[in-house]
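Read through the structure below, which is laid out as structure tokens, and then see the notes.
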Amino acid sequence: MLTKLELLGTGEEYKVYAFEKDLITIGRSPENDIVIDSSQVSKFHCRLIVKSGVMEVEDLNSTNGTRINGQRLERTQLSTGDQITLSFSVPPIKVTLEPVLDLRDLGFDAPGAQPPEILDHPAATIVGQATLDEAMRAQIARNAAQRSVPRKASEPPAPVQPRVTSVTSKTKNELPTPKPTNNNQIWILVGAALILILVILLVLQ
């Protein structure tokens, strides 16, 4: 079982520890797996015990006691999401329990898949705000995608159809269409000429 412990501080105080062991000690002494540099924390404050997939926390006769979700207890079973408080001056520790999976089931045996990076630390690794499980899930997703998606044969790109634009042009010999003659103007001129002739005849008589 993989045990992830988050020290829920702000800025540089936020730390993440990952363990795959059955006994984890917490306290002020450098001999602990998790060292809390605070005078309010005992040298060996408490310990976490993993047995048959179940984790328990046990107080080691600390001065300020060990609280689980705000309640002071000597020993109790832990579940994912529980918070361990060692002192009111120290940020709580959030517990996350995850089973250890076979990497072959996660796609790490796929062709070209990269194995998970081996982190050089005897017991725990502080990964800052980028948690260990997030990095693992990202690698798992990439390997699983590479394993499940079949390779497609390369297909030639579809030919581009040329765009045809119809253009109508006038030839040099093309003549403009003559405009029709207005018949009303002709009749007006004829009528005016007849009136003028009648006037002349009347004057001559």
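Residues are named by chain letter and number: chains run A, B, ... in the order of the structure tokens, numbers start at 1 in each chain, and ligands are numbered from 1 in the order shown.
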
Q | Shell of 6 Å around A:Leu5, only C-alpha atoms, local chain residues under 6 positions omitted, as an MDAnalysis selection string | A | chainID A and resid 16:17 94:95

May I have the residues from that selection written out with N, CA and C atoms, as a compact mmCIF listing (two decimals), in the first residue's frame?
```
# COMPACT_ATOMS: atom_id res chain seq x y z
N VAL A 16 4.75 17.06 0.58
CA VAL A 16 4.10 15.78 0.34
C VAL A 16 5.14 14.67 0.52
N TYR A 17 4.77 13.67 1.30
CA TYR A 17 5.64 12.52 1.55
C TYR A 17 4.94 11.27 1.02
N LYS A 94 -2.55 15.44 6.21
CA LYS A 94 -3.65 14.73 5.56
C LYS A 94 -3.17 13.37 5.06
N VAL A 95 -3.97 12.34 5.31
CA VAL A 95 -3.60 10.97 4.97
C VAL A 95 -4.34 10.53 3.70
```

With distances taken over only C-alpha atoms, the candidate from A:Leu78, A:Gly27, A:Ile36, A:Ile84 nearest A:Gly53 is A:Leu78

Coordinates-based distance that separates atom CA of A:Ala141 from atom CA of A:Val54 (Å, one decimal) =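 We find that atom CA of A:Val54 and atom CA of A:Ala141 lie 28.1 Å from each other.
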
For the interface of stretch 6-65 of chain A with stretch 73-76 of chain A (cut-off 10 Å, counting only C-alpha atoms), please tabulate each contacting residue of stretch 6-65 of chain A alongside its nearest pair of atoms and their separation in Å to one decimal, rows sorted by chain and increasing number, as a tab-separated table.
```
residue	atom	partner	partner_atom	distance
A:Cys46	CA	A:Glu74	CA	9.3
A:Arg47	CA	A:Arg75	CA	9.6
A:Leu48	CA	A:Arg75	CA	9.6
A:Met55	CA	A:Thr76	CA	8.7
A:Glu56	CA	A:Thr76	CA	5.5
A:Val57	CA	A:Arg75	CA	5.5
A:Glu58	CA	A:Arg75	CA	4.3
A:Asp59	CA	A:Glu74	CA	5.1
A:Leu60	CA	A:Glu74	CA	8.2
A:Asn61	CA	A:Glu74	CA	8.3
A:Ser62	CA	A:Glu74	CA	9.8
A:Gly65	CA	A:Leu73	CA	7.7
```

Would you pick out the contacts of A:Lys21 at 9 Å or less, using only C-alpha atoms, so that residues sharing its chain but fewer than 6 positions from it are not included, and give the list as JSON, numbers by chain? {"A": [1, 2, 3, 49, 50, 123]}

Give me a file of those residues, with C-alpha atoms, as a PDB file, in the first residue's frame.
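Final output, result.pdb:
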```
ATOM      1  CA  MET A   1       0.000   0.000   0.000  1.00  0.00           C
ATOM      2  CA  LEU A   2       1.223   3.481  -0.884  1.00  0.00           C
ATOM      3  CA  THR A   3       0.819   6.025   1.904  1.00  0.00           C
ATOM      4  CA  ILE A  49       1.306   1.229  11.336  1.00  0.00           C
ATOM      5  CA  VAL A  50       0.158  -0.564   8.162  1.00  0.00           C
ATOM      6  CA  ALA A 123      12.003   6.246   2.743  1.00  0.00           C
TER       7      ALA A 123
END
```

* Any idea what the distance is between atom CA of A:Asp33 and atom CA of A:Lys4? ->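 The value is 12.6 Å.
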
Would you list the contacts of stretch 86-90 of chain A as a PyMOL selection string, taking every protein, DNA or RNA residue within 7 Å and counting only C-alpha atoms, but skipping same-chain residues closer than 3 positions in sequence? chain A and resi 40-41+64-67

Save the residues we just selected, N, CA, C and O atoms, as an mmCIF file, in the first residue's frame?
```
data_model
loop_
_atom_site.group_PDB
_atom_site.id
_atom_site.type_symbol
_atom_site.label_atom_id
_atom_site.label_comp_id
_atom_site.auth_asym_id
_atom_site.auth_seq_id
_atom_site.Cartn_x
_atom_site.Cartn_y
_atom_site.Cartn_z
ATOM 1 N N GLN A 40 6.775 22.361 19.796
ATOM 2 C CA GLN A 40 5.487 21.849 20.255
ATOM 3 C C GLN A 40 5.288 20.379 19.890
ATOM 4 O O GLN A 40 4.286 19.777 20.276
ATOM 5 N N VAL A 41 6.239 19.820 19.158
ATOM 6 C CA VAL A 41 6.162 18.428 18.729
ATOM 7 C C VAL A 41 7.202 17.631 19.502
ATOM 8 O O VAL A 41 8.360 18.051 19.641
ATOM 9 N N ASN A 64 1.835 16.981 23.750
ATOM 10 C CA ASN A 64 0.595 17.650 23.332
ATOM 11 C C ASN A 64 -0.432 16.690 22.745
ATOM 12 O O ASN A 64 -1.536 17.109 22.398
ATOM 13 N N GLY A 65 -0.100 15.423 22.634
ATOM 14 C CA GLY A 65 -1.062 14.458 22.150
ATOM 15 C C GLY A 65 -1.194 14.451 20.639
ATOM 16 O O GLY A 65 -0.658 15.303 19.929
ATOM 17 N N THR A 66 -1.933 13.466 20.155
ATOM 18 C CA THR A 66 -2.189 13.318 18.724
ATOM 19 C C THR A 66 -3.692 13.359 18.498
ATOM 20 O O THR A 66 -4.440 12.601 19.118
ATOM 21 N N ARG A 67 -4.121 14.253 17.598
ATOM 22 C CA ARG A 67 -5.547 14.413 17.309
ATOM 23 C C ARG A 67 -5.847 13.962 15.880
ATOM 24 O O ARG A 67 -5.118 14.306 14.956
#
```

*asked:* Between atom CA of A:Pro92 and atom CA of A:Gln77, what distance in Å does the model show, to one decimal?
replied: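 For atom CA of A:Pro92 relative to atom CA of A:Gln77, the distance reads 16.9 Å.
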